[in-house]
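Participant: Below is the structure I would like to discuss, written out as structure tokens.
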Amino acid sequence: MNCELFKQNVILLVYEELADDMLFEMRQHAGRCAACHQELESAQQFRSDVSAIPMVEPAPNLLAASRLRLQEALETAEQHHGWRAWVFDPVDWLRQLRFSPALAAVILIVGFAGGVLTAFRVSHPATIDPGTIDSPAEASIAGIRGITQDPSTNTIQISYDKLQQASTRGSIDNPDIEKLLLYAAHAQQNPGVRVESVSILSRKCHDTQIRETMMRALLDDRNPGVRLQALDGLEEYVKEDIQVRNAVIQALLNDSNPGVRTEAIRLLQPVKADSMVRSAFERLARQDNNEYIRSESERTLNSLPPID
Amino acid sequence: MSVVQNVVGATGSTADTSPFRGNMVSQALRRVDDNVLIREAQRGNRAAFEELVRQYDHAVLRLALRLTASEQDAQDIYQEAFLKAYRNLVSFRFECSFYTWIYRIVTNLCLDHLRKKNVRKEDAPVTTMQDGTELSLLDQVADDRAHSNPERDLMRRELGHKIGIALNRLTARERMVFELKHYQGLKLRTIGEMLNTTEETAKNTLFRATQKLRGALAEMRE
Ligand SMILES: [Zn+2]
């Protein structure tokens with residue numbers, strides 16, 4: 001290490017971009033060389049000076065306005081292909097719903113018992129031709145998509161989405177029931193519905209899509225009851241499916257509910273020798289706020305053979 | 001091969017470029033989630049695309065706002081970037097993360113913008129609000145620290161002003177690399193990937209940018 005090389009790399013040191021060996025050499029050099037020590041301090045001062053301008057966060061309404069404008073543009077971007085004639089296709093419909101919290105907001109799942117699911121569905125776009133169609137009840141209109149006027153005939157065309165109640169009945173192996181259950185597992189409103197659907201689906205975790213839904217529920221659902229149900233379904237896949245294992249580790253490390261975490265500890269016992277699991281327990285044994293979790297982690301670690 | 005690499009490898013890439021803090025596991029899971037959404041969006045599912053947008057658009061808008069210092073321009077870049085992404089999504093091949101991909105589009109648009117806009121070089125960075133009023137970044141510095149020591153505030157303000165001027169004197173590329181490194185905290189490897197260049201080139205650009213900035217600040221301190 002010489003002074004020239006030090007000077008060239010000092011910014012990388014300050015911005016934590018150096019490999020360990022280089023870092024070590026530079027620190028050694030700065031310890032011996034007063035000029036480079038000074039250079040290091042000046043570079044560190046520079047980084048802190050520049051931080052005097054804080055990150056400007058975009059105003060929430062700027063973000064909201066940008067999203068709205070984009071959504072509008074996306075709608076016309078899609079119009080190049082034209083609206084496909086709307087036919088009720090539950091698979092496609094569910095696929096749309098699964099990813100659309102905005103749409104999901106108008107879908108209210110109102111009842112759920114014994115394999116029967118009652119739901120409102122959104123159908124779109126419907127077209128009113130004044131005089132030819134009965135007037136739609138206001139309460140069933142989910143939103144107006146567009147209004148066009150034909151000046152020559154004075155006809156107004158309004159495209160709108162409307163809510164319709166529908167229900168489906170069938171066994172758990174019925175694909176439509178499965179799709180609805182998958183949707184219900186993501187539904188925002190009613191935690192009771194989510195617990196119920198996750199609990200039914202947890203019997204079918206051999207299906208990878210369902211397993212994925214369980215992982216999402218475990219990591220994202222706000223209700224600890226739902227998360228516990230998800231853990232229950234995932235239990236027998238902790239050994240064979242590495243993604244499941246990682247999701248359970250995640251829950252163990254970050255879940256806000258001690259019950260969920262305790263359950264995660266239990267699930268991970270058969271794979272406690274796995275290096276990732278072991279390091280999770282090490283971290284918890286060292287620094288977790290919850291005394292029980294700390295001591296359980298410690299106990300798990302002590303039951304492991306030492307690393308040689 | 002580690003467990004994490006297994007997970008990431010299964011989804012097509014090992015580049016670690018997520019903007020989100022947190023451990024590797026959650027990054028890997030996020031990647032899996034993103035890939036599901038991308039595949040859906042590639043099949044024409046707009047809701048899936050909008051979900052992707054919601055995950056990244058805050059960071060995109062923030063970057064555009066910092067680089068353009070104008071709400072209007074930032075919004076235009078936001079709009080253009082995501083529309084471009086939507087139209088070209090079929091060409092996304094899962095070789096990098098979606099984050100890197102969308103940032104590549106955004107940084108290109110911002111570079112164009114910075115190159116065109118060579119005016120106001122001597123001005124302090126000013127954010128133009130949509131109603132036409134101008135909000136200086138420095139006012140924001142002061143606002144943030146309204147309750148602390150006034151004398152220190154004044155110094156910070158002055159320093160912020162100088163930094164704003166110095167930043168405006170950088171070339172578009174230097175500004176971009178510095179922005180991504182200092183303010184967005186990205187790794188040089190990722191920055192290189194985003195700017196379609198090597199890590200080595202990104203390193204050199206960062207070096208030049210910081211040399212200029214340090215020089216400018218020292219000069220102003222005298
Ligand atoms: Zn030296």
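Ligands are numbered from 1 in the order shown, residues from 1 within each chain, and chains are lettered A, B, ... in the order they appear in the structure tokens.
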Taking only C-alpha atoms and all ligand atoms into account, which residues have an atom no farther than 10 Å from ligand 1? I'd like them as a list in words.

Facilitator: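 Using only C-alpha atoms and all ligand atoms, I find these residues within 10 Å of ligand 1: Met1, Asn2, Cys3, Glu4, Leu5, Phe6, Lys7, Met26, His29, Ala30, Gly31, Arg32, Cys33, Ala34, Ala35, Cys36, His37, Gln38, Glu39 and Leu40 of chain A.
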
Participant: Those same residues - C-alpha atoms - I'd like them written as a JSON list (two decimals), in the first residue's frame.

Facilitator:
[["chain", "number", "residue", "atom", "x", "y", "z"],
["A", 1, "MET", "CA", 0.00, 0.00, 0.00],
["A", 2, "ASN", "CA", 1.37, 3.39, -0.94],
["A", 3, "CYS", "CA", -0.07, 6.88, -0.52],
["A", 4, "GLU", "CA", -1.16, 7.17, -4.15],
["A", 5, "LEU", "CA", -3.12, 3.93, -4.04],
["A", 6, "PHE", "CA", -4.63, 4.99, -0.73],
["A", 7, "LYS", "CA", -5.82, 8.24, -2.23],
["A", 26, "MET", "CA", -5.69, 0.62, 4.05],
["A", 29, "HIS", "CA", -1.53, 2.30, 6.22],
["A", 30, "ALA", "CA", -3.69, 5.03, 7.73],
["A", 31, "GLY", "CA", -2.39, 3.98, 11.14],
["A", 32, "ARG", "CA", 1.19, 4.56, 10.03],
["A", 33, "CYS", "CA", 0.89, 7.51, 7.64],
["A", 34, "ALA", "CA", -0.30, 10.84, 9.00],
["A", 35, "ALA", "CA", -1.09, 12.31, 5.56],
["A", 36, "CYS", "CA", -3.31, 9.39, 4.60],
["A", 37, "HIS", "CA", -4.92, 9.39, 8.01],
["A", 38, "GLN", "CA", -5.81, 13.01, 7.32],
["A", 39, "GLU", "CA", -7.08, 12.08, 3.86],
["A", 40, "LEU", "CA", -9.34, 9.42, 5.35]]

Participant: Chain B near chain A within 6 Å: what's each residue's closest atom pair and its distance in Å to one decimal, counting only C-alpha atoms, ordered by chain then ascending residue number, as CSV?

Facilitator:
residue,atom,partner,partner_atom,distance
B:Ala47,CA,A:Ser100,CA,5.1
B:Ala48,CA,A:Phe99,CA,5.2
B:Arg62,CA,A:Pro58,CA,5.7
B:Gln79,CA,A:Leu70,CA,5.8
B:Gly160,CA,A:Ile53,CA,5.5

Participant: Can I get the selected residues back with all heavy atoms, as a PDB file, in the first residue's frame?

Facilitator:
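Output saved as part-v7.pdb:
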ATOM      1  N   ALA B  47     -53.540  -5.791 -13.590  1.00  0.00           N
ATOM      2  CA  ALA B  47     -53.543  -5.675 -12.132  1.00  0.00           C
ATOM      3  C   ALA B  47     -52.214  -6.144 -11.550  1.00  0.00           C
ATOM      4  O   ALA B  47     -51.680  -5.550 -10.620  1.00  0.00           O
ATOM      5  CB  ALA B  47     -54.691  -6.479 -11.548  1.00  0.00           C
ATOM      6  N   ALA B  48     -51.658  -7.213 -12.132  1.00  0.00           N
ATOM      7  CA  ALA B  48     -50.359  -7.706 -11.669  1.00  0.00           C
ATOM      8  C   ALA B  48     -49.287  -6.657 -11.919  1.00  0.00           C
ATOM      9  O   ALA B  48     -48.421  -6.413 -11.078  1.00  0.00           O
ATOM     10  CB  ALA B  48     -50.000  -9.007 -12.378  1.00  0.00           C
ATOM     11  N   ARG B  62     -38.905   9.106  -6.144  1.00  0.00           N
ATOM     12  CA  ARG B  62     -37.936   9.800  -5.296  1.00  0.00           C
ATOM     13  C   ARG B  62     -36.663  10.101  -6.072  1.00  0.00           C
ATOM     14  O   ARG B  62     -36.141  11.207  -6.044  1.00  0.00           O
ATOM     15  CB  ARG B  62     -37.631   8.939  -4.076  1.00  0.00           C
ATOM     16  CG  ARG B  62     -36.813   9.658  -3.042  1.00  0.00           C
ATOM     17  CD  ARG B  62     -36.689   8.834  -1.798  1.00  0.00           C
ATOM     18  NE  ARG B  62     -36.024   7.560  -2.106  1.00  0.00           N
ATOM     19  CZ  ARG B  62     -35.855   6.595  -1.229  1.00  0.00           C
ATOM     20  NH1 ARG B  62     -36.332   6.705  -0.013  1.00  0.00           N
ATOM     21  NH2 ARG B  62     -35.224   5.498  -1.556  1.00  0.00           N
ATOM     22  N   GLN B  79     -44.072   8.465 -15.339  1.00  0.00           N
ATOM     23  CA  GLN B  79     -45.075   7.999 -16.301  1.00  0.00           C
ATOM     24  C   GLN B  79     -44.419   7.280 -17.479  1.00  0.00           C
ATOM     25  O   GLN B  79     -44.799   6.174 -17.847  1.00  0.00           O
ATOM     26  CB  GLN B  79     -45.866   9.221 -16.793  1.00  0.00           C
ATOM     27  CG  GLN B  79     -46.909   8.921 -17.852  1.00  0.00           C
ATOM     28  CD  GLN B  79     -48.216   8.509 -17.227  1.00  0.00           C
ATOM     29  OE1 GLN B  79     -48.269   8.193 -16.049  1.00  0.00           O
ATOM     30  NE2 GLN B  79     -49.277   8.502 -18.003  1.00  0.00           N
ATOM     31  N   GLY B 160     -25.670  23.013   2.591  1.00  0.00           N
ATOM     32  CA  GLY B 160     -26.607  22.403   1.647  1.00  0.00           C
ATOM     33  C   GLY B 160     -26.637  23.183   0.345  1.00  0.00           C
ATOM     34  O   GLY B 160     -26.652  22.607  -0.741  1.00  0.00           O
TER      35      GLY B 160
END

Participant: Just list as a PyMOL selection string whatever in region 166-267 of chain A DSSP marks as alpha helix (DSSP H).

Facilitator: chain A and resi 175-186+191-201+208-220+224-234+242-254+258-267
